[in-house]
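Coordinates as given in input31.tsv (TSV, C-alpha atoms):
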chain	number	residue	atom	x	y	z
A	118	MET	CA	-26.10	-14.86	59.90
A	119	ARG	CA	-29.80	-14.78	60.75
A	120	ARG	CA	-30.98	-14.89	57.14
A	121	PRO	CA	-29.33	-18.27	56.21
A	122	THR	CA	-30.72	-19.76	59.42
A	123	THR	CA	-34.21	-18.49	58.60
A	124	VAL	CA	-34.01	-19.89	55.07
A	125	ALA	CA	-32.78	-23.27	56.34
A	126	VAL	CA	-35.50	-23.50	58.99
A	127	SER	CA	-38.15	-22.48	56.43
A	128	LEU	CA	-36.99	-25.16	54.00
A	129	LEU	CA	-36.99	-27.73	56.80
A	130	LEU	CA	-40.52	-26.76	57.79
A	131	LEU	CA	-41.68	-26.96	54.16
A	132	ALA	CA	-40.13	-30.43	53.88
A	133	LEU	CA	-41.89	-31.48	57.10
A	134	VAL	CA	-45.21	-30.14	55.78
A	135	ALA	CA	-44.74	-32.13	52.55
A	136	ALA	CA	-43.82	-35.25	54.54
A	137	ALA	CA	-46.83	-34.81	56.83
A	138	HIS	CA	-49.09	-34.40	53.78
A	139	GLU	CA	-47.84	-37.73	52.44
A	140	LEU	CA	-48.95	-39.38	55.69
A	141	VAL	CA	-52.59	-38.30	55.24
A	142	PRO	CA	-54.51	-41.54	54.56
A	143	ALA	CA	-56.51	-41.86	51.34
A	144	PRO	CA	-60.30	-41.47	51.78
A	145	GLU	CA	-60.85	-45.18	51.05
A	146	ASP	CA	-58.29	-46.11	53.73
A	147	VAL	CA	-60.00	-43.96	56.39
A	148	THR	CA	-63.20	-46.02	56.18
A	149	ALA	CA	-61.69	-49.35	55.12
A	150	PRO	CA	-62.81	-52.51	56.94
A	151	ILE	CA	-60.89	-53.17	60.16
A	152	ALA	CA	-58.56	-56.09	59.48
A	153	HIS	CA	-57.55	-58.85	61.88
A	154	ALA	CA	-54.74	-61.11	60.71
A	155	GLY	CA	-54.22	-64.82	61.25
A	156	GLU	CA	-53.16	-68.02	59.54
A	157	ALA	CA	-54.84	-71.00	57.93
A	158	GLY	CA	-55.51	-73.84	60.34
A	159	GLU	CA	-56.27	-71.56	63.28
A	160	VAL	CA	-59.42	-69.78	64.36
A	161	VAL	CA	-59.01	-66.11	63.45
A	162	ASP	CA	-61.10	-63.75	65.58
A	163	ALA	CA	-62.01	-60.73	63.44
A	164	ARG	CA	-64.07	-59.07	66.24
A	165	GLY	CA	-67.55	-59.73	64.95
A	166	PHE	CA	-66.95	-63.10	63.40
A	167	THR	CA	-64.43	-65.90	63.44
A	168	ILE	CA	-63.03	-67.78	60.46
A	169	GLU	CA	-61.05	-70.98	60.23
A	170	VAL	CA	-59.51	-71.87	56.88
A	171	GLY	CA	-58.94	-75.55	56.13
A	172	GLU	CA	-56.69	-77.34	53.67
A	173	VAL	CA	-56.42	-75.46	50.36
A	174	ARG	CA	-56.97	-77.49	47.19
A	175	ILE	CA	-55.79	-76.61	43.67
A	176	ALA	CA	-57.46	-78.11	40.61
A	177	ARG	CA	-57.77	-77.67	36.85
A	178	THR	CA	-61.45	-78.64	36.97
A	179	VAL	CA	-64.07	-78.20	39.67
A	180	VAL	CA	-67.30	-80.11	40.05
A	181	GLU	CA	-70.40	-78.56	41.58
A	182	GLU	CA	-73.05	-80.97	42.74
A	183	ASP	CA	-76.69	-79.95	42.65
A	184	LEU	CA	-79.45	-81.15	44.99
A	185	PHE	CA	-79.85	-84.35	42.98
A	186	GLY	CA	-76.16	-85.22	43.11
A	187	GLU	CA	-75.62	-84.31	39.44
A	188	GLY	CA	-72.28	-82.64	38.88
A	189	SER	CA	-71.43	-79.80	36.47
A	190	ARG	CA	-67.78	-79.38	35.53
A	191	GLU	CA	-65.91	-76.12	34.96
A	192	THR	CA	-62.35	-75.93	33.67
A	193	ALA	CA	-60.20	-73.01	34.81
A	194	ASN	CA	-58.33	-70.38	32.84
A	195	GLY	CA	-55.25	-71.30	34.90
A	196	VAL	CA	-56.16	-73.19	38.07
A	197	TRP	CA	-58.97	-73.20	40.59
A	198	VAL	CA	-57.98	-72.48	44.17
A	199	VAL	CA	-60.57	-73.92	46.56
A	200	VAL	CA	-60.31	-72.46	50.07
A	201	PRO	CA	-62.54	-74.32	52.57
A	202	ALA	CA	-63.61	-72.21	55.54
A	203	VAL	CA	-65.91	-72.08	58.52
A	204	LEU	CA	-67.36	-68.73	59.53
A	205	THR	CA	-69.21	-67.97	62.75
A	206	SER	CA	-70.71	-64.65	63.72
A	207	THR	CA	-69.89	-63.68	67.29
A	208	SER	CA	-72.19	-60.69	67.64
A	209	THR	CA	-75.01	-59.92	65.20
A	210	SER	CA	-76.58	-61.50	62.13
A	211	SER	CA	-74.42	-60.62	59.13
A	212	ARG	CA	-73.32	-61.77	55.69
A	213	VAL	CA	-70.10	-62.21	53.71
A	214	ALA	CA	-69.52	-59.02	51.74
A	215	SER	CA	-68.56	-58.99	48.09
A	216	PRO	CA	-65.91	-59.28	46.76
A	217	VAL	CA	-63.90	-61.83	48.74
A	218	LEU	CA	-60.28	-61.30	47.78
A	219	LEU	CA	-57.11	-63.34	47.39
A	220	GLU	CA	-53.89	-61.30	47.50
A	221	THR	CA	-51.08	-63.06	45.67
A	222	GLY	CA	-47.47	-62.72	44.67
A	223	GLY	CA	-46.47	-59.97	42.26
A	224	GLY	CA	-48.89	-57.52	43.87
A	225	TYR	CA	-52.01	-58.94	42.21
A	226	THR	CA	-55.38	-59.33	43.92
A	227	HIS	CA	-58.12	-61.63	42.61
A	228	SER	CA	-61.78	-61.79	43.59
A	229	ALA	CA	-63.62	-65.04	44.27
A	230	VAL	CA	-65.55	-66.29	41.24
A	231	THR	CA	-69.27	-65.62	41.28
A	232	ARG	CA	-70.32	-67.95	38.46
A	233	LEU	CA	-69.99	-71.05	40.67
A	234	SER	CA	-73.27	-71.15	42.53
A	235	SER	CA	-72.42	-73.23	45.62
A	236	THR	CA	-69.53	-71.19	47.01
A	237	LEU	CA	-69.68	-69.23	50.25
A	238	ASN	CA	-69.41	-65.90	48.42
A	239	SER	CA	-72.09	-66.75	45.82
A	240	GLN	CA	-74.55	-68.09	48.39
A	241	SER	CA	-73.72	-65.33	50.89
A	242	PRO	CA	-75.42	-67.26	53.70
A	243	GLN	CA	-76.69	-65.43	56.76
A	244	LEU	CA	-74.26	-65.74	59.66
A	245	ASP	CA	-76.23	-65.93	62.90
A	246	PRO	CA	-74.35	-65.65	66.20
A	247	GLY	CA	-72.92	-68.96	67.37
A	248	ILE	CA	-74.00	-71.00	64.33
A	249	ALA	CA	-71.04	-72.13	62.25
A	250	VAL	CA	-71.38	-72.00	58.46
A	251	ARG	CA	-68.95	-73.95	56.36
A	252	GLY	CA	-68.28	-74.02	52.65
A	253	ALA	CA	-65.52	-72.79	50.33
A	254	PHE	CA	-64.33	-69.70	48.49
A	255	VAL	CA	-63.12	-70.45	44.97
A	256	PHE	CA	-60.65	-68.38	42.93
A	257	GLU	CA	-59.43	-68.75	39.35
A	258	LEU	CA	-55.93	-67.51	38.54
A	259	PRO	CA	-52.64	-68.33	36.84
A	260	PRO	CA	-50.76	-70.89	38.99
A	261	GLU	CA	-47.54	-68.86	39.02
A	262	ARG	CA	-49.30	-66.11	41.01
A	263	LEU	CA	-50.06	-68.38	43.96
A	264	THR	CA	-47.07	-67.38	46.04
A	265	ARG	CA	-47.72	-65.65	49.39
A	266	ALA	CA	-51.48	-66.11	49.01
A	267	VAL	CA	-53.58	-64.25	51.58
A	268	LEU	CA	-57.38	-64.51	51.89
A	269	ARG	CA	-59.31	-61.33	52.73
A	270	VAL	CA	-62.93	-61.79	53.90
A	271	THR	CA	-65.20	-58.94	55.04
A	272	VAL	CA	-68.42	-59.57	56.93
A	273	SER	CA	-71.05	-56.85	57.36
A	274	GLU	CA	-74.63	-56.43	58.50
A	275	GLY	CA	-75.65	-54.68	55.26
A	276	LEU	CA	-74.24	-53.50	51.94
A	277	ASP	CA	-72.12	-50.85	53.64
A	278	THR	CA	-68.69	-52.35	54.43
A	279	ARG	CA	-67.13	-49.18	55.85
A	280	LEU	CA	-65.30	-50.06	59.09
A	281	ALA	CA	-66.75	-53.59	58.92
A	282	ALA	CA	-64.97	-56.61	60.41
A	283	GLU	CA	-62.39	-58.18	58.11
A	284	ALA	CA	-60.24	-61.30	58.44
A	285	VAL	CA	-56.90	-61.47	56.64
A	286	VAL	CA	-55.75	-65.08	56.59
A	287	ASP	CA	-52.33	-66.18	55.36
A	288	LEU	CA	-52.90	-69.46	53.52
A	289	GLY	CA	-49.34	-70.54	54.39
A	290	LEU	CA	-48.62	-72.15	51.03
A	291	SER	CA	-44.87	-72.80	50.90
A	292	PRO	CA	-43.17	-73.09	47.49
A	293	ALA	CA	-42.79	-76.87	48.03
A	294	GLU	CA	-46.46	-77.19	49.01
A	295	LEU	CA	-47.47	-75.15	45.97
A	296	ARG	CA	-45.40	-77.34	43.64
A	297	ARG	CA	-47.03	-80.46	45.09
A	298	LEU	CA	-50.55	-79.05	44.91
A	299	THR	CA	-50.09	-77.71	41.37
A	300	ALA	CA	-48.53	-80.95	40.12
A	301	ASP	CA	-51.45	-82.93	41.56
A	302	ALA	CA	-54.04	-80.45	40.28
A	303	ALA	CA	-56.73	-82.39	38.46
A	304	GLU	CA	-60.32	-82.28	39.65
A	305	THR	CA	-61.98	-81.41	42.94
A	306	THR	CA	-65.48	-80.91	44.23
A	307	VAL	CA	-66.78	-77.60	45.57
A	308	PRO	CA	-68.29	-78.43	48.96
A	309	PRO	CA	-71.84	-77.12	49.48
A	310	VAL	CA	-72.63	-74.52	52.13
A	311	GLU	CA	-73.72	-76.22	55.35
A	312	TYR	CA	-74.85	-74.93	58.73
A	313	GLY	CA	-73.77	-76.21	62.13
A	314	HIS	CA	-70.47	-77.82	61.14
A	315	PRO	CA	-67.56	-76.29	63.05
A	316	ASP	CA	-64.75	-78.03	61.09
A	317	PRO	CA	-63.62	-76.88	57.63
A	318	ARG	CA	-63.10	-79.74	55.17
B	167	MET	CA	-41.19	5.53	11.83
B	168	LEU	CA	-43.87	4.71	14.37
B	169	ARG	CA	-45.89	2.84	11.75
B	170	ALA	CA	-42.85	0.74	10.82
B	171	ALA	CA	-42.24	-0.13	14.47
B	172	ALA	CA	-45.88	-1.15	14.96
B	173	ALA	CA	-45.74	-3.34	11.86
B	174	GLY	CA	-42.56	-4.96	13.15
B	175	VAL	CA	-44.12	-5.70	16.53
B	176	PHE	CA	-47.21	-7.10	14.78
B	177	ALA	CA	-45.10	-9.33	12.53
B	178	LEU	CA	-43.06	-10.55	15.49
B	179	THR	CA	-46.25	-11.31	17.47
B	180	VAL	CA	-47.75	-13.27	14.57
B	181	ALA	CA	-44.48	-15.19	14.14
B	182	ALA	CA	-44.35	-15.99	17.86
B	183	LEU	CA	-47.96	-17.21	17.83
B	184	LEU	CA	-47.32	-19.37	14.75
B	185	PHE	CA	-44.22	-20.78	16.41
B	186	ALA	CA	-46.22	-21.63	19.57
B	187	LEU	CA	-48.93	-23.24	17.40
B	188	TRP	CA	-46.31	-25.33	15.60
B	189	LEU	CA	-44.72	-26.36	18.93
B	190	SER	CA	-48.05	-27.60	20.29
B	191	GLY	CA	-48.71	-29.65	17.14
B	192	GLY	CA	-51.41	-27.37	15.77
B	193	LEU	CA	-49.96	-27.31	12.25
B	194	GLU	CA	-49.88	-31.11	11.89
B	195	ARG	CA	-52.17	-32.83	9.44
B	196	ALA	CA	-55.52	-33.70	11.05
B	197	ARG	CA	-56.02	-37.36	11.93
B	198	GLU	CA	-58.15	-39.05	9.33
B	199	ASP	CA	-61.37	-40.56	10.63
B	200	VAL	CA	-60.48	-44.03	9.43
B	201	PRO	CA	-61.25	-46.74	12.01
B	202	LEU	CA	-58.92	-49.64	12.66
B	203	PRO	CA	-59.80	-53.05	11.20
B	204	PRO	CA	-61.28	-55.79	13.42
B	205	GLY	CA	-58.66	-57.80	15.29
B	206	THR	CA	-56.62	-54.69	16.10
B	207	ALA	CA	-55.72	-54.36	19.78
B	208	VAL	CA	-56.56	-51.02	21.39
B	209	ARG	CA	-55.00	-50.19	24.73
B	210	ASN	CA	-55.54	-47.59	27.42
B	211	ASP	CA	-54.27	-47.49	31.01
B	212	LEU	CA	-57.01	-49.88	32.20
B	213	LEU	CA	-57.47	-52.38	29.41
B	214	THR	CA	-56.49	-53.88	26.11
B	215	ILE	CA	-59.44	-54.84	23.92
B	216	THR	CA	-59.33	-56.62	20.59
B	217	VAL	CA	-62.74	-56.61	18.95
B	218	HIS	CA	-63.15	-59.61	16.66
B	219	GLY	CA	-66.83	-59.40	15.79
B	220	ALA	CA	-70.19	-57.85	16.50
B	221	GLU	CA	-73.85	-58.68	16.19
B	222	ILE	CA	-76.86	-56.35	16.14
B	223	ALA	CA	-80.15	-57.50	17.63
B	224	SER	CA	-83.32	-55.67	16.72
B	225	ALA	CA	-86.10	-55.14	19.29
B	226	GLY	CA	-87.27	-58.38	20.85
B	227	SER	CA	-84.53	-60.61	19.47
B	228	GLY	CA	-81.66	-59.84	21.85
B	229	GLY	CA	-81.11	-60.93	25.43
B	230	LEU	CA	-81.83	-57.40	26.68
B	231	GLY	CA	-85.31	-57.24	25.13
B	232	GLY	CA	-84.80	-54.04	23.16
B	233	PRO	CA	-82.35	-53.50	20.30
B	234	SER	CA	-78.79	-54.23	21.34
B	235	VAL	CA	-75.25	-54.78	20.14
B	236	THR	CA	-73.05	-57.70	21.20
B	237	LEU	CA	-69.29	-57.45	20.75
B	238	ARG	CA	-67.03	-60.50	20.75
B	239	ALA	CA	-63.63	-59.38	21.97
B	240	GLU	CA	-60.50	-60.39	23.77
B	241	LEU	CA	-60.21	-58.34	26.96
B	242	THR	CA	-57.30	-57.90	29.36
B	243	SER	CA	-57.33	-55.75	32.48
B	244	HIS	CA	-54.07	-53.97	33.34
B	245	ALA	CA	-55.15	-53.11	36.90
B	246	ASP	CA	-53.54	-55.16	39.67
B	247	GLU	CA	-56.88	-55.88	41.35
B	248	PRO	CA	-60.32	-56.99	40.19
B	249	VAL	CA	-62.22	-54.15	38.52
B	250	SER	CA	-66.01	-54.03	38.16
B	251	THR	CA	-67.19	-54.70	34.61
B	252	SER	CA	-69.13	-51.41	34.59
B	253	PHE	CA	-65.84	-49.47	34.39
B	254	PHE	CA	-64.84	-51.41	31.24
B	255	ILE	CA	-68.22	-50.73	29.63
B	256	ASP	CA	-67.76	-47.03	30.46
B	257	MET	CA	-64.61	-47.01	28.28
B	258	LEU	CA	-66.56	-48.02	25.15
B	259	GLU	CA	-68.64	-45.88	22.81
B	260	VAL	CA	-70.50	-48.07	20.35
B	261	ARG	CA	-72.72	-47.16	17.42
B	262	THR	CA	-74.20	-49.08	14.54
B	263	GLU	CA	-73.86	-47.95	10.93
B	264	PRO	CA	-75.27	-46.61	8.75
B	265	SER	CA	-78.17	-45.64	11.05
B	266	GLY	CA	-75.82	-44.16	13.69
B	267	SER	CA	-77.72	-45.79	16.58
B	268	ARG	CA	-75.75	-45.45	19.82
B	269	ALA	CA	-75.36	-47.90	22.69
B	270	GLU	CA	-76.66	-46.35	25.90
B	271	GLY	CA	-77.41	-47.53	29.44
B	272	TYR	CA	-76.33	-50.57	31.39
B	273	GLY	CA	-74.70	-53.38	29.48
B	274	SER	CA	-73.15	-56.63	30.59
B	275	ILE	CA	-70.05	-58.70	30.06
B	276	THR	CA	-69.93	-62.50	30.03
B	277	LEU	CA	-67.12	-64.92	29.35
B	278	GLU	CA	-67.52	-66.65	25.99
B	279	ARG	CA	-66.82	-69.95	27.76
B	280	ALA	CA	-69.57	-69.30	30.32
B	281	PRO	CA	-72.13	-67.11	28.52
B	282	ALA	CA	-74.95	-67.82	30.98
B	283	ASP	CA	-73.22	-66.11	33.91
B	284	LEU	CA	-72.75	-62.34	34.11
B	285	LEU	CA	-69.22	-61.33	34.96
B	286	THR	CA	-69.06	-58.94	37.94
B	287	HIS	CA	-65.31	-58.23	37.94
B	288	VAL	CA	-62.49	-58.55	35.43
B	289	GLN	CA	-59.43	-60.19	36.98
B	290	PRO	CA	-55.97	-58.61	36.57
B	291	GLU	CA	-53.83	-59.53	33.57
B	292	MET	CA	-55.92	-62.58	32.65
B	293	PRO	CA	-56.86	-62.35	28.95
B	294	GLU	CA	-60.35	-63.69	28.27
B	295	THR	CA	-62.62	-63.83	25.25
B	296	VAL	CA	-65.75	-61.99	26.31
B	297	LEU	CA	-69.18	-61.05	24.98
B	298	VAL	CA	-70.08	-57.42	25.68
B	299	GLU	CA	-73.83	-56.84	25.29
B	300	LEU	CA	-74.96	-53.20	25.17
B	301	PRO	CA	-78.51	-51.86	24.78
B	302	LEU	CA	-79.07	-49.34	22.00
B	303	ALA	CA	-80.63	-45.99	22.85
B	304	GLU	CA	-84.39	-45.70	22.94
B	305	GLY	CA	-85.85	-45.22	19.49
B	306	ALA	CA	-82.88	-46.85	17.74
B	307	ARG	CA	-83.76	-48.62	14.49
B	308	PRO	CA	-80.73	-50.74	13.67
B	309	ASP	CA	-82.60	-52.94	11.14
B	310	GLY	CA	-80.47	-52.94	8.03
B	311	ASP	CA	-77.29	-51.88	9.83
B	312	GLY	CA	-74.33	-54.08	9.02
B	313	ARG	CA	-71.39	-52.39	10.70
B	314	VAL	CA	-70.48	-51.51	14.29
B	315	ARG	CA	-68.00	-48.81	15.25
B	316	VAL	CA	-66.33	-49.17	18.66
B	317	THR	CA	-64.53	-46.16	20.13
B	318	VAL	CA	-62.26	-46.91	23.08
B	319	LYS	CA	-61.73	-43.92	25.37
B	320	GLU	CA	-58.58	-43.24	27.34
B	321	ALA	CA	-58.74	-44.14	31.04
B	322	GLU	CA	-57.53	-42.49	34.22
B	323	PHE	CA	-57.55	-43.64	37.84
B	324	ARG	CA	-58.59	-40.74	40.03
B	325	PRO	CA	-60.87	-39.76	42.92
B	326	GLY	CA	-64.49	-38.84	42.29
B	327	PHE	CA	-66.05	-35.52	43.25
B	328	ALA	CA	-68.53	-36.46	45.98
B	329	ASP	CA	-66.95	-39.85	46.75
B	330	GLU	CA	-63.23	-39.20	47.06
B	331	SER	CA	-62.32	-42.88	46.62
B	332	SER	CA	-60.32	-43.50	43.45
B	333	TYR	CA	-61.94	-45.29	40.53
B	334	TRP	CA	-61.36	-45.78	36.80
B	335	TRP	CA	-62.90	-43.05	34.65
B	336	SER	CA	-63.01	-42.62	30.90
B	337	THR	CA	-61.71	-39.33	29.50
B	338	ASP	CA	-62.60	-37.36	26.36
B	339	GLU	CA	-59.43	-38.61	24.65
B	340	VAL	CA	-59.76	-41.51	22.22
B	341	ALA	CA	-57.38	-44.48	22.54
B	342	GLY	CA	-58.54	-46.04	19.29
B	343	GLU	CA	-61.52	-46.77	17.09
B	344	VAL	CA	-62.37	-50.10	15.47
B	345	ALA	CA	-65.06	-50.89	12.90
B	346	VAL	CA	-66.39	-54.40	12.40
B	347	THR	CA	-68.96	-55.82	10.05
B	348	THR	CA	-71.66	-57.83	11.79
B	349	GLY	CA	-71.24	-61.54	12.44
B	350	LEU	CA	-69.54	-62.73	15.63
B	351	ASP	CA	-67.15	-65.25	14.05

Just give me the structure of the file as structure tokens.
Amino acid sequence: MRRPTTVAVSLLLLALVAAAHELVPAPEDVTAPIAHAGEAGEVVDARGFTIEVGEVRIARTVVEEDLFGEGSRETANGVWVVVPAVLTSTSTSSRVASPVLLETGGGYTHSAVTRLSSTLNSQSPQLDPGIAVRGAFVFELPPERLTRAVLRVTVSEGLDTRLAAEAVVDLGLSPAELRRLTADAAETTVPPVEYGHPDPR
Amino acid sequence: MLRAAAAGVFALTVAALLFALWLSGGLERAREDVPLPPGTAVRNDLLTITVHGAEIASAGSGGLGGPSVTLRAELTSHADEPVSTSFFIDMLEVRTEPSGSRAEGYGSITLERAPADLLTHVQPEMPETVLVELPLAEGARPDGDGRVRVTVKEAEFRPGFADESSYWWSTDEVAGEVAVTTGLD
């Protein structure tokens, strides 16, 4: 009678050990940035910086204006997703870390394009406490992936982003909104990075 | 009697070893070292690459200063997140023929439609025509070479040794080998 009980308890303990092992976080998860979630249209406090995402625009072509007002056009492989945002550091001087990510439907994640020079991620402006910096993150992706789009922005004092502050912002694009934005997608301008403007455009 | 038994055991052992060799594919005909023609897609777990053309630059004429090779290829990433271009370059072994000069060191990838801007990451499942520029090893003399051989290694996603985060690594296995004559068109 004792032997079957011992075997059963041993098997149960082995199963518990295996289950506990599965719960051990991966090394990259242990030191991942600390995420704070929010939604577009509201100020998201990521404990170290705040971010407010404005009205998302979708376009087939984007125009970047240089200092002289001359525009260069870039056509997307898919569509451009322009995400206007205002970031404000609330503690120390810091910068937007690379890459800025857009999580989308189907389990795909895209990084913001770096070949457009006037975006927030390309310029990586210094975020000084209390001074709002506005601009836009721009992504290039197939339009059908734009469901459940979530922006992920990490801000850090240096290159090391371990345990840095991270904002995870749901862009709140409903299927109807996506259809409207995609149908109207033509051309839009990438807003330049500006200091001291607290409202995203 | 003893000698007959020993011979029997020996014969059985040899037969068993031959059988094991046959099971593991050791008796199959060796793969011929014939590269695939340009335009053939080669796939591993990370990428699919279709090399369409290549160009060899001698010292001083390429964008990298020294002698280099530029591949024109269609590239698709099969990861579900952006992957740094350096991992794609790590999957490629490139040499020019007939001199046998090898690509070595840091290369770069640009989109054909935006050749002035270096690509930092390849986006998931978004096929793009790219230009892969790779420096040739020091001392390479590719003048007179007219063919480029591209070996695509197999890929695996696994943790590193010191850094236990998981990344894409090339393995010793070959996913495919393509040979192209020079000229990017």

Given only C-alpha atoms as the counted atoms, nearest of A:Thr192, A:Gln243, A:Thr123, A:Ser215 to A:Thr231: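 Of all the options, A:Ser215 lies closest to A:Thr231.
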
Could you list, as a list in words, every residue of chain B that has an atom within 7 Å of an atom of chain A, counting all atoms listed in the file?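 In the required form, that comes to Asp246, Glu247, Pro248, Asp283, Gln289, Pro290, Glu330 and Ser331 of chain B.
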
For the atom pair atom CA of A:Glu159 and atom CA of A:Ser239, what is the interatomic distance in Å to one decimal place?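 Answer for the atom CA of A:Glu159 to atom CA of A:Ser239 separation: 24.0 Å.
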
Name the residues in contact with stretch 152-158 of chain A at a cut-off of 10 Å, using all atoms listed in the file, excluding same-chain residues fewer than 2 positions from it; report them as number ranges by chain. A: 149-150, 160-164, 167-173, 200-202, 267-271, 280-290, 317

Extract, using all atoms listed in the file, all DNA, RNA and protein residues at most 12 Å from stretch 298-308 of chain B, discarding same-chain residues fewer than 6 positions from it, and format them as a PyMOL selection string. chain B and resi 215-241+251-252+254-256+258-278+281+284-285+314+316+348+350

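For the atom pair formed by atom CA of B:Val340 and atom CA of B:Pro293, the distance is 22.1 Å, given to one decimal.
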
May I have the centre and edge lengths, in Å to one decimal, of an axis-aligned box around the listed atoms of stretch 137-141 of chain A with 6 Å added to every side, as JSON?
{"center_x": -49.7, "center_y": -36.9, "center_z": 54.6, "size_x": 17.8, "size_y": 17.0, "size_z": 16.4}

Neighbour residues at most 10 Å from (-74.3, -59.6, 54.9) (all atoms listed in the file) as a VMD selection string: chain A and resid 210 to 215 241 to 244 271 to 278

Residues near B:Leu202, cut-off 9 Å, only C-alpha atoms, skip fewer than 4 positions along chain, as a PyMOL selection string: chain B and resi 206+342-346

What gap, in Å, lies between atom CA of B:Met257 and atom CA of B:Ser190? 26.7 Å

Where atoms are missing, can you supply all heavy atoms for stretch 182-187 of chain B and output the lot as a PDB file, in the coordinates of the input?
ATOM      1  N   ALA B 182     -44.432 -15.293  16.568  1.00  0.00           N
ATOM      2  CA  ALA B 182     -44.350 -15.990  17.860  1.00  0.00           C
ATOM      3  C   ALA B 182     -45.566 -16.902  18.057  1.00  0.00           C
ATOM      4  O   ALA B 182     -45.447 -18.044  18.513  1.00  0.00           O
ATOM      5  CB  ALA B 182     -44.255 -14.978  19.001  1.00  0.00           C
ATOM      6  N   LEU B 183     -46.749 -16.397  17.688  1.00  0.00           N
ATOM      7  CA  LEU B 183     -47.960 -17.210  17.830  1.00  0.00           C
ATOM      8  C   LEU B 183     -47.926 -18.429  16.920  1.00  0.00           C
ATOM      9  O   LEU B 183     -48.305 -19.535  17.320  1.00  0.00           O
ATOM     10  CB  LEU B 183     -49.198 -16.345  17.520  1.00  0.00           C
ATOM     11  CG  LEU B 183     -49.559 -15.311  18.589  1.00  0.00           C
ATOM     12  CD1 LEU B 183     -50.695 -14.416  18.099  1.00  0.00           C
ATOM     13  CD2 LEU B 183     -49.969 -16.010  19.891  1.00  0.00           C
ATOM     14  N   LEU B 184     -47.443 -18.234  15.676  1.00  0.00           N
ATOM     15  CA  LEU B 184     -47.320 -19.370  14.750  1.00  0.00           C
ATOM     16  C   LEU B 184     -46.330 -20.401  15.280  1.00  0.00           C
ATOM     17  O   LEU B 184     -46.567 -21.611  15.191  1.00  0.00           O
ATOM     18  CB  LEU B 184     -46.871 -18.872  13.374  1.00  0.00           C
ATOM     19  CG  LEU B 184     -47.978 -18.311  12.489  1.00  0.00           C
ATOM     20  CD1 LEU B 184     -47.377 -17.697  11.217  1.00  0.00           C
ATOM     21  CD2 LEU B 184     -48.974 -19.410  12.112  1.00  0.00           C
ATOM     22  N   PHE B 185     -45.242 -19.885  15.856  1.00  0.00           N
ATOM     23  CA  PHE B 185     -44.220 -20.780  16.410  1.00  0.00           C
ATOM     24  C   PHE B 185     -44.826 -21.608  17.571  1.00  0.00           C
ATOM     25  O   PHE B 185     -44.626 -22.816  17.664  1.00  0.00           O
ATOM     26  CB  PHE B 185     -43.019 -19.966  16.905  1.00  0.00           C
ATOM     27  CG  PHE B 185     -41.916 -20.830  17.456  1.00  0.00           C
ATOM     28  CD1 PHE B 185     -41.167 -21.661  16.615  1.00  0.00           C
ATOM     29  CD2 PHE B 185     -41.637 -20.825  18.815  1.00  0.00           C
ATOM     30  CE1 PHE B 185     -40.147 -22.463  17.135  1.00  0.00           C
ATOM     31  CE2 PHE B 185     -40.626 -21.614  19.332  1.00  0.00           C
ATOM     32  CZ  PHE B 185     -39.877 -22.436  18.490  1.00  0.00           C
ATOM     33  N   ALA B 186     -45.591 -20.927  18.438  1.00  0.00           N
ATOM     34  CA  ALA B 186     -46.220 -21.630  19.570  1.00  0.00           C
ATOM     35  C   ALA B 186     -47.219 -22.667  19.052  1.00  0.00           C
ATOM     36  O   ALA B 186     -47.298 -23.787  19.577  1.00  0.00           O
ATOM     37  CB  ALA B 186     -46.925 -20.620  20.475  1.00  0.00           C
ATOM     38  N   LEU B 187     -47.965 -22.304  17.996  1.00  0.00           N
ATOM     39  CA  LEU B 187     -48.930 -23.240  17.400  1.00  0.00           C
ATOM     40  C   LEU B 187     -48.228 -24.457  16.841  1.00  0.00           C
ATOM     41  O   LEU B 187     -48.661 -25.598  17.013  1.00  0.00           O
ATOM     42  CB  LEU B 187     -49.716 -22.507  16.311  1.00  0.00           C
ATOM     43  CG  LEU B 187     -50.939 -23.219  15.746  1.00  0.00           C
ATOM     44  CD1 LEU B 187     -51.991 -23.415  16.834  1.00  0.00           C
ATOM     45  CD2 LEU B 187     -51.532 -22.428  14.582  1.00  0.00           C
TER      46      LEU B 187
END
